[in-house]
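Note sheet for the following structure.
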Amino acid sequence: MFNILIVEDEETISHLLEFNLQSEGFKTILAEDANLALLILKDFVPNLIILDLMLPGLQGEDFLRIIKAKPEYKDIAIIILSAKSQESVITTLLAEGADDYVTKPFSIKVLIAKIKALLRRIEKKHNKIKFEGIELDFDTFTAYNDGIQMNLTTKEFELLGLFLSNPNKIFSRDELFTKIWGFDDQIQTRTVDVHISSLRKKLSSKSNLIKSKPKIGYGLIL
Ligand code: CA
């Protein structure tokens with residue numbers, strides 16, 4: 001699940017953002033000003049910040065410079081959401097590290113599409129795959145099903161990773177055995193069936209994502 005910090009002093013806008021982002025499955029946290037946002041960041045590092053510029057006290061531009069100077073915040077994506085529409089402001093802030101700039105008035109649908117596109121890029125950089133609520137993190141070898149960590153063996157994780165990386169492809173048992181176990185052995189292909197069956201059990205309600213093709217093998221079919 002992705003966490004989004006909203007830095008916005010206008011209540012109508014922050015409520016609109018919170019409502020729409022939460023209904024898209026994002027977790028949101030709101031800061032009405034940039035100083036409060038800096039305090040929140042000490043305990044909570046979001047995946048993305050939606051940043052207004054004209055704020056009471058510390059301005060959005062200064063907040064951006066402060067967090068861009070801190071290595072611990074380097075992975076946070078930032079979308080500026082502001083009524084300032086001058087070219088010079090937009091180009092400066094993009095050059096200073098903002099990932100995108102949306103001017104007010106704005107379309108909530110376009111903003112959400114931009115957020116999703118940005119988060120997809122982050123996910124790729126972090127070596128993660130997400131599909132139908134199943135999330136695999138290849139850096140830590142952990143898998144989640146609707147946010148709950150799955151208890152997979154290494155081989156089960158590798159099988160699921162192979163299927164998720166190649167949707168709509170049926171792998172033969174031989175192929176799976178060679179790819180996952182690393183050598184070719186006709187007799188051992190039964191091992192594949194055993195692991196698939198155990199993996200399906202662990203996927204519980206999503207077990208039917210992995211389809212078997214009689215006499216051929218298995219694949220994740222949409
Ligand atoms: Ca404002």
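Just so we're on the same page: first chain in the structure tokens is A, next is B, and so on; residues restart at 1 for each chain, and ligands are numbered from 1 in the order they show up.
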
Quiz item: Counting only C-alpha atoms and all ligand atoms, what residues are within 8 Å of ligand 1, given as number ranges by chain?
Solution: A: 8-10, 52-56, 82

Limited to N, CA, C and O atoms, could you put the picked residues into a file as an mmCIF file, in the first residue's frame?
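Output below, filename result-v3.cif:
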```cif
data_model
loop_
_atom_site.group_PDB
_atom_site.id
_atom_site.type_symbol
_atom_site.label_atom_id
_atom_site.label_comp_id
_atom_site.auth_asym_id
_atom_site.auth_seq_id
_atom_site.Cartn_x
_atom_site.Cartn_y
_atom_site.Cartn_z
ATOM 1 N N GLU A 8 -1.428 20.879 2.261
ATOM 2 C CA GLU A 8 -2.423 21.769 1.640
ATOM 3 C C GLU A 8 -3.205 22.490 2.729
ATOM 4 O O GLU A 8 -3.682 21.854 3.668
ATOM 5 N N ASP A 9 -3.311 23.827 2.605
ATOM 6 C CA ASP A 9 -4.028 24.580 3.641
ATOM 7 C C ASP A 9 -5.503 24.818 3.305
ATOM 8 O O ASP A 9 -6.280 25.179 4.170
ATOM 9 N N GLU A 10 -5.870 24.626 2.042
ATOM 10 C CA GLU A 10 -7.268 24.854 1.669
ATOM 11 C C GLU A 10 -8.084 23.596 1.922
ATOM 12 O O GLU A 10 -7.877 22.572 1.261
ATOM 13 N N ASP A 52 1.301 21.860 -1.958
ATOM 14 C CA ASP A 52 0.814 23.194 -2.315
ATOM 15 C C ASP A 52 1.988 24.152 -2.119
ATOM 16 O O ASP A 52 2.912 23.861 -1.352
ATOM 17 N N LEU A 53 1.986 25.282 -2.831
ATOM 18 C CA LEU A 53 3.107 26.233 -2.667
ATOM 19 C C LEU A 53 2.774 27.359 -1.697
ATOM 20 O O LEU A 53 3.548 27.665 -0.797
ATOM 21 N N MET A 54 1.590 27.979 -1.909
ATOM 22 C CA MET A 54 1.224 29.115 -1.059
ATOM 23 C C MET A 54 0.595 28.604 0.229
ATOM 24 O O MET A 54 -0.567 28.207 0.272
ATOM 25 N N LEU A 55 1.420 28.568 1.279
ATOM 26 C CA LEU A 55 1.003 28.003 2.562
ATOM 27 C C LEU A 55 1.236 29.034 3.655
ATOM 28 O O LEU A 55 2.074 29.922 3.498
ATOM 29 N N PRO A 56 0.518 28.901 4.772
ATOM 30 C CA PRO A 56 0.827 29.806 5.881
ATOM 31 C C PRO A 56 2.209 29.434 6.438
ATOM 32 O O PRO A 56 2.525 28.260 6.558
ATOM 33 N N SER A 82 -0.435 23.662 -7.446
ATOM 34 C CA SER A 82 -0.441 25.085 -7.097
ATOM 35 C C SER A 82 -1.187 25.935 -8.111
ATOM 36 O O SER A 82 -1.286 25.591 -9.290
#
```

Quiz prompt | Shell around range 96-111 of chain A at 8 Å using only C-alpha atoms, local window under 6 positions removed, as a PyMOL selection string | solution = chain A and resi 17+20+64-65+68+77-85+90+118

Using DSSP on the backbone coordinates, identify the residues of chain A assigned to helix (DSSP H, G or I); present them as a CSV table (one decimal) with N, CA and C atoms, in the first residue's frame.
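Saved the output as result08.csv:
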```
chain,number,residue,atom,x,y,z
A,11,GLU,N,-9.0,23.7,2.9
A,11,GLU,CA,-9.8,22.5,3.3
A,11,GLU,C,-10.6,21.8,2.2
A,12,THR,N,-11.2,22.7,1.3
A,12,THR,CA,-12.0,22.0,0.3
A,12,THR,C,-11.1,21.1,-0.6
A,13,ILE,N,-9.9,21.6,-0.9
A,13,ILE,CA,-9.0,20.8,-1.7
A,13,ILE,C,-8.5,19.6,-1.0
A,14,SER,N,-8.0,19.8,0.3
A,14,SER,CA,-7.5,18.7,1.0
A,14,SER,C,-8.5,17.6,1.2
A,15,HIS,N,-9.8,18.0,1.4
A,15,HIS,CA,-10.8,17.0,1.6
A,15,HIS,C,-11.1,16.2,0.3
A,16,LEU,N,-11.1,17.0,-0.8
A,16,LEU,CA,-11.3,16.4,-2.1
A,16,LEU,C,-10.2,15.3,-2.4
A,17,LEU,N,-8.9,15.7,-2.1
A,17,LEU,CA,-7.8,14.8,-2.3
A,17,LEU,C,-7.9,13.6,-1.4
A,18,GLU,N,-8.1,13.8,-0.1
A,18,GLU,CA,-8.2,12.7,0.8
A,18,GLU,C,-9.3,11.7,0.4
A,19,PHE,N,-10.5,12.2,0.1
A,19,PHE,CA,-11.6,11.4,-0.3
A,19,PHE,C,-11.2,10.5,-1.5
A,20,ASN,N,-10.7,11.2,-2.6
A,20,ASN,CA,-10.5,10.5,-3.8
A,20,ASN,C,-9.3,9.5,-3.7
A,21,LEU,N,-8.3,9.9,-3.0
A,21,LEU,CA,-7.1,9.1,-2.9
A,21,LEU,C,-7.4,7.8,-2.0
A,22,GLN,N,-8.2,8.0,-1.0
A,22,GLN,CA,-8.5,6.9,-0.1
A,22,GLN,C,-9.4,5.9,-0.9
A,23,SER,N,-10.3,6.5,-1.7
A,23,SER,CA,-11.2,5.5,-2.4
A,23,SER,C,-10.4,4.8,-3.5
A,34,ALA,N,3.6,23.5,6.0
A,34,ALA,CA,4.8,22.8,5.7
A,34,ALA,C,5.6,22.5,7.0
A,35,ASN,N,5.5,23.3,8.0
A,35,ASN,CA,6.2,23.0,9.2
A,35,ASN,C,5.7,21.7,9.9
A,36,LEU,N,4.4,21.6,9.8
A,36,LEU,CA,3.7,20.4,10.4
A,36,LEU,C,4.2,19.2,9.5
A,37,ALA,N,4.2,19.4,8.2
A,37,ALA,CA,4.7,18.3,7.3
A,37,ALA,C,6.1,17.8,7.7
A,38,LEU,N,7.0,18.8,8.0
A,38,LEU,CA,8.3,18.4,8.4
A,38,LEU,C,8.3,17.6,9.7
A,39,LEU,N,7.4,17.9,10.6
A,39,LEU,CA,7.3,17.2,11.8
A,39,LEU,C,6.8,15.8,11.5
A,40,ILE,N,5.8,15.7,10.7
A,40,ILE,CA,5.2,14.4,10.3
A,40,ILE,C,6.3,13.5,9.7
A,41,LEU,N,7.1,14.1,8.9
A,41,LEU,CA,8.2,13.3,8.1
A,41,LEU,C,9.2,12.6,9.1
A,42,LYS,N,9.3,13.1,10.3
A,42,LYS,CA,10.2,12.5,11.3
A,42,LYS,C,9.8,11.1,11.6
A,43,ASP,N,8.5,10.9,11.7
A,43,ASP,CA,8.0,9.5,12.0
A,43,ASP,C,7.4,8.8,10.9
A,60,GLY,N,5.9,26.3,0.2
A,60,GLY,CA,6.1,25.1,-0.5
A,60,GLY,C,7.5,25.0,-1.1
A,61,GLU,N,7.9,26.0,-1.8
A,61,GLU,CA,9.2,26.0,-2.5
A,61,GLU,C,10.3,25.7,-1.5
A,62,ASP,N,10.2,26.4,-0.3
A,62,ASP,CA,11.3,26.2,0.7
A,62,ASP,C,11.2,24.7,1.3
A,63,PHE,N,10.0,24.3,1.5
A,63,PHE,CA,9.8,22.9,2.0
A,63,PHE,C,10.5,21.9,1.0
A,64,LEU,N,10.2,22.1,-0.3
A,64,LEU,CA,10.8,21.2,-1.3
A,64,LEU,C,12.3,21.2,-1.2
A,65,ARG,N,12.9,22.4,-1.1
A,65,ARG,CA,14.4,22.5,-1.0
A,65,ARG,C,14.9,21.8,0.3
A,66,ILE,N,14.2,22.0,1.4
A,66,ILE,CA,14.6,21.3,2.6
A,66,ILE,C,14.6,19.8,2.5
A,67,ILE,N,13.5,19.3,1.9
A,67,ILE,CA,13.5,17.8,1.9
A,67,ILE,C,14.4,17.2,0.8
A,68,LYS,N,14.6,18.0,-0.3
A,68,LYS,CA,15.5,17.5,-1.3
A,68,LYS,C,17.0,17.5,-0.9
A,71,PRO,N,19.1,13.2,2.4
A,71,PRO,CA,19.2,11.9,1.7
A,71,PRO,C,18.1,10.9,2.2
A,72,GLU,N,17.7,11.0,3.4
A,72,GLU,CA,16.7,10.0,3.9
A,72,GLU,C,15.3,10.2,3.2
A,73,TYR,N,15.1,11.4,2.5
A,73,TYR,CA,13.9,11.6,1.8
A,73,TYR,C,14.0,11.5,0.3
A,87,GLU,N,5.6,29.9,-16.0
A,87,GLU,CA,6.5,28.9,-16.6
A,87,GLU,C,7.8,28.9,-15.8
A,88,SER,N,8.3,30.1,-15.3
A,88,SER,CA,9.6,30.1,-14.6
A,88,SER,C,9.5,29.4,-13.3
A,89,VAL,N,8.3,29.5,-12.6
A,89,VAL,CA,8.1,28.8,-11.3
A,89,VAL,C,8.1,27.3,-11.6
A,90,ILE,N,7.4,26.8,-12.6
A,90,ILE,CA,7.2,25.4,-12.9
A,90,ILE,C,8.6,24.8,-13.2
A,91,THR,N,9.3,25.5,-14.2
A,91,THR,CA,10.6,24.9,-14.6
A,91,THR,C,11.6,24.9,-13.5
A,92,THR,N,11.6,25.9,-12.6
A,92,THR,CA,12.6,26.0,-11.5
A,92,THR,C,12.3,24.8,-10.5
A,93,LEU,N,11.0,24.6,-10.2
A,93,LEU,CA,10.7,23.6,-9.2
A,93,LEU,C,11.0,22.2,-9.7
A,94,LEU,N,10.7,22.0,-11.0
A,94,LEU,CA,11.0,20.7,-11.6
A,94,LEU,C,12.5,20.4,-11.6
A,95,ALA,N,13.2,21.5,-11.9
A,95,ALA,CA,14.7,21.4,-11.9
A,95,ALA,C,15.2,21.1,-10.5
A,108,ILE,N,-9.2,16.2,-10.8
A,108,ILE,CA,-8.8,15.1,-9.8
A,108,ILE,C,-8.4,13.8,-10.5
A,109,LYS,N,-9.1,13.5,-11.6
A,109,LYS,CA,-8.8,12.3,-12.4
A,109,LYS,C,-7.4,12.4,-13.0
A,110,VAL,N,-7.1,13.5,-13.6
A,110,VAL,CA,-5.7,13.6,-14.2
A,110,VAL,C,-4.7,13.6,-13.1
A,111,LEU,N,-4.9,14.2,-11.9
A,111,LEU,CA,-3.9,14.2,-10.8
A,111,LEU,C,-3.7,12.7,-10.4
A,112,ILE,N,-4.8,12.0,-10.2
A,112,ILE,CA,-4.7,10.6,-9.7
A,112,ILE,C,-3.9,9.8,-10.8
A,113,ALA,N,-4.2,10.0,-12.0
A,113,ALA,CA,-3.5,9.3,-13.1
A,113,ALA,C,-2.0,9.6,-13.0
A,114,LYS,N,-1.7,10.8,-12.8
A,114,LYS,CA,-0.2,11.2,-12.7
A,114,LYS,C,0.4,10.5,-11.5
A,115,ILE,N,-0.3,10.5,-10.4
A,115,ILE,CA,0.2,9.9,-9.1
A,115,ILE,C,0.4,8.4,-9.4
A,116,LYS,N,-0.5,7.7,-10.0
A,116,LYS,CA,-0.3,6.3,-10.3
A,116,LYS,C,0.9,6.0,-11.2
A,117,ALA,N,1.0,6.9,-12.2
A,117,ALA,CA,2.1,6.7,-13.1
A,117,ALA,C,3.5,6.9,-12.4
A,118,LEU,N,3.5,7.9,-11.5
A,118,LEU,CA,4.8,8.1,-10.8
A,118,LEU,C,5.1,7.0,-9.8
A,119,LEU,N,4.0,6.4,-9.2
A,119,LEU,CA,4.2,5.3,-8.2
A,119,LEU,C,4.6,4.1,-9.0
A,120,ARG,N,4.1,3.9,-10.2
A,120,ARG,CA,4.6,2.7,-11.0
A,120,ARG,C,6.1,2.8,-11.2
A,121,ARG,N,6.5,4.0,-11.6
A,121,ARG,CA,8.0,4.1,-11.8
A,121,ARG,C,8.8,3.8,-10.5
A,122,ILE,N,8.3,4.3,-9.4
A,122,ILE,CA,9.0,4.0,-8.1
A,122,ILE,C,9.0,2.5,-7.9
A,123,GLU,N,7.9,1.9,-8.1
A,123,GLU,CA,7.8,0.5,-7.9
A,123,GLU,C,8.8,-0.3,-8.7
A,124,LYS,N,9.0,0.1,-10.0
A,124,LYS,CA,9.9,-0.6,-10.8
A,124,LYS,C,11.3,-0.4,-10.3
A,125,LYS,N,11.6,0.9,-9.8
A,125,LYS,CA,13.0,1.1,-9.3
A,125,LYS,C,13.2,0.3,-8.1
A,154,THR,N,11.2,-20.1,-0.7
A,154,THR,CA,12.0,-19.4,-1.7
A,154,THR,C,11.5,-19.9,-3.1
A,155,LYS,N,11.3,-21.2,-3.3
A,155,LYS,CA,10.9,-21.7,-4.6
A,155,LYS,C,9.5,-21.2,-4.9
A,156,GLU,N,8.6,-21.2,-4.0
A,156,GLU,CA,7.3,-20.7,-4.2
A,156,GLU,C,7.3,-19.2,-4.6
A,157,PHE,N,8.2,-18.5,-4.0
A,157,PHE,CA,8.3,-17.1,-4.3
A,157,PHE,C,8.8,-16.9,-5.7
A,158,GLU,N,9.8,-17.7,-6.1
A,158,GLU,CA,10.4,-17.6,-7.4
A,158,GLU,C,9.4,-18.0,-8.5
A,159,LEU,N,8.6,-19.0,-8.2
A,159,LEU,CA,7.5,-19.4,-9.2
A,159,LEU,C,6.5,-18.3,-9.4
A,160,LEU,N,6.1,-17.8,-8.3
A,160,LEU,CA,5.1,-16.7,-8.3
A,160,LEU,C,5.7,-15.5,-9.1
A,161,GLY,N,6.9,-15.2,-8.8
A,161,GLY,CA,7.6,-14.1,-9.4
A,161,GLY,C,7.7,-14.3,-10.9
A,162,LEU,N,8.0,-15.5,-11.3
A,162,LEU,CA,8.1,-15.8,-12.8
A,162,LEU,C,6.7,-15.7,-13.5
A,163,PHE,N,5.7,-16.1,-12.8
A,163,PHE,CA,4.3,-16.0,-13.4
A,163,PHE,C,3.9,-14.5,-13.5
A,164,LEU,N,4.2,-13.8,-12.4
A,164,LEU,CA,3.7,-12.4,-12.4
A,164,LEU,C,4.5,-11.6,-13.4
A,165,SER,N,5.8,-11.9,-13.6
A,165,SER,CA,6.6,-11.2,-14.6
A,165,SER,C,6.2,-11.5,-16.0
A,173,ARG,N,6.3,-27.8,-17.6
A,173,ARG,CA,6.9,-28.2,-16.3
A,173,ARG,C,8.4,-28.3,-16.4
A,174,ASP,N,8.9,-28.8,-17.6
A,174,ASP,CA,10.3,-28.8,-17.8
A,174,ASP,C,11.0,-27.4,-17.7
A,175,GLU,N,10.3,-26.5,-18.4
A,175,GLU,CA,10.8,-25.1,-18.4
A,175,GLU,C,10.8,-24.5,-17.0
A,176,LEU,N,9.7,-24.8,-16.2
A,176,LEU,CA,9.7,-24.3,-14.9
A,176,LEU,C,10.8,-24.9,-14.0
A,177,PHE,N,11.0,-26.2,-14.2
A,177,PHE,CA,12.0,-26.9,-13.4
A,177,PHE,C,13.4,-26.3,-13.7
A,178,THR,N,13.6,-26.1,-15.0
A,178,THR,CA,14.9,-25.6,-15.4
A,178,THR,C,15.2,-24.2,-14.9
A,179,LYS,N,14.1,-23.4,-15.0
A,179,LYS,CA,14.2,-21.9,-14.6
A,179,LYS,C,14.4,-21.8,-13.1
A,180,ILE,N,13.6,-22.5,-12.3
A,180,ILE,CA,13.5,-22.3,-10.9
A,180,ILE,C,14.6,-23.2,-10.1
A,181,TRP,N,14.7,-24.4,-10.6
A,181,TRP,CA,15.6,-25.3,-9.8
A,181,TRP,C,17.0,-25.3,-10.5
A,186,GLN,N,14.0,-34.7,-16.2
A,186,GLN,CA,12.6,-35.1,-16.5
A,186,GLN,C,11.8,-35.7,-15.3
A,187,ILE,N,12.5,-36.5,-14.5
A,187,ILE,CA,11.9,-37.1,-13.3
A,187,ILE,C,11.4,-36.1,-12.3
A,188,GLN,N,12.2,-35.1,-12.2
A,188,GLN,CA,11.9,-34.1,-11.1
A,188,GLN,C,10.7,-33.1,-11.4
A,189,THR,N,10.2,-33.2,-12.6
A,189,THR,CA,9.1,-32.3,-13.0
A,189,THR,C,7.9,-32.4,-12.1
A,190,ARG,N,7.8,-33.6,-11.4
A,190,ARG,CA,6.7,-33.8,-10.5
A,190,ARG,C,6.8,-32.8,-9.3
A,191,THR,N,8.0,-32.4,-9.0
A,191,THR,CA,8.3,-31.4,-8.0
A,191,THR,C,7.6,-30.1,-8.3
A,192,VAL,N,7.5,-29.8,-9.5
A,192,VAL,CA,6.8,-28.6,-10.0
A,192,VAL,C,5.4,-28.6,-9.5
A,193,ASP,N,4.7,-29.8,-9.8
A,193,ASP,CA,3.3,-29.9,-9.4
A,193,ASP,C,3.1,-29.7,-7.9
A,194,VAL,N,4.0,-30.3,-7.1
A,194,VAL,CA,3.9,-30.2,-5.7
A,194,VAL,C,4.0,-28.8,-5.2
A,195,HIS,N,4.9,-28.0,-5.8
A,195,HIS,CA,5.1,-26.7,-5.4
A,195,HIS,C,4.0,-25.8,-5.9
A,196,ILE,N,3.5,-26.0,-7.1
A,196,ILE,CA,2.3,-25.3,-7.6
A,196,ILE,C,1.1,-25.5,-6.7
A,197,SER,N,0.9,-26.7,-6.3
A,197,SER,CA,-0.3,-27.0,-5.5
A,197,SER,C,-0.2,-26.3,-4.1
A,198,SER,N,1.0,-26.3,-3.5
A,198,SER,CA,1.2,-25.6,-2.3
A,198,SER,C,1.1,-24.1,-2.4
A,199,LEU,N,1.6,-23.5,-3.5
A,199,LEU,CA,1.5,-22.1,-3.8
A,199,LEU,C,0.0,-21.7,-4.0
A,200,ARG,N,-0.7,-22.5,-4.7
A,200,ARG,CA,-2.1,-22.2,-4.9
A,200,ARG,C,-2.9,-22.2,-3.5
A,201,LYS,N,-2.6,-23.1,-2.7
A,201,LYS,CA,-3.2,-23.1,-1.3
A,201,LYS,C,-2.9,-21.8,-0.6
A,202,LYS,N,-1.7,-21.3,-0.7
A,202,LYS,CA,-1.3,-20.1,0.0
A,202,LYS,C,-1.9,-18.9,-0.7
A,204,SER,N,-4.9,-18.8,-1.6
A,204,SER,CA,-6.3,-19.0,-1.1
A,204,SER,C,-7.3,-18.6,-2.2
A,205,SER,N,-8.0,-17.5,-2.0
A,205,SER,CA,-9.1,-17.1,-2.9
A,205,SER,C,-8.6,-16.7,-4.3
A,206,LYS,N,-7.3,-16.4,-4.4
A,206,LYS,CA,-6.7,-16.1,-5.7
A,206,LYS,C,-6.0,-17.2,-6.4
A,207,SER,N,-6.2,-18.5,-5.8
A,207,SER,CA,-5.5,-19.6,-6.4
A,207,SER,C,-5.8,-19.8,-7.9
A,208,ASN,N,-7.0,-19.4,-8.3
A,208,ASN,CA,-7.3,-19.7,-9.7
A,208,ASN,C,-6.6,-18.8,-10.7
A,209,LEU,N,-5.8,-17.8,-10.2
A,209,LEU,CA,-4.9,-17.0,-11.1
A,209,LEU,C,-3.9,-17.9,-11.8
```

Exercise. Go through A:Ile49, A:Ile29, A:Leu222, A:Leu136 and flag the residue nearest Ile210 in chain A, using only C-alpha atoms for the distances.
Key: A:Leu222

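Considering the residues A:Gln59, A:Thr28, A:Gln86, A:Asn3 and counting only C-alpha atoms, Pro46 in chain A has its shortest atom-to-atom contact with A:Asn3.
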
Residue contacts of Phe2 in chain A (7 Å, only C-alpha atoms) excluding same-chain residues fewer than 3 positions away, as a short mmCIF file (atom, residue, chain, number, x, y, z; two decimals) with C-alpha atoms, in the first residue's frame:
```
data_model
loop_
_atom_site.label_atom_id
_atom_site.label_comp_id
_atom_site.auth_asym_id
_atom_site.auth_seq_id
_atom_site.Cartn_x
_atom_site.Cartn_y
_atom_site.Cartn_z
CA PHE A 26 -4.07 5.00 -0.86
CA LYS A 27 -3.36 5.82 2.75
CA ASN A 47 5.91 7.34 -0.95
#
```

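If you measure from each of A:Leu220, A:Ser172, A:Leu203, A:Lys74 to Tyr144 in chain A using only C-alpha atoms, the closest one turns out to be A:Leu203.
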
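Across the model, the gap from CA of Gly217 in chain A to CA of Asn168 in chain A is 12.5 Å.
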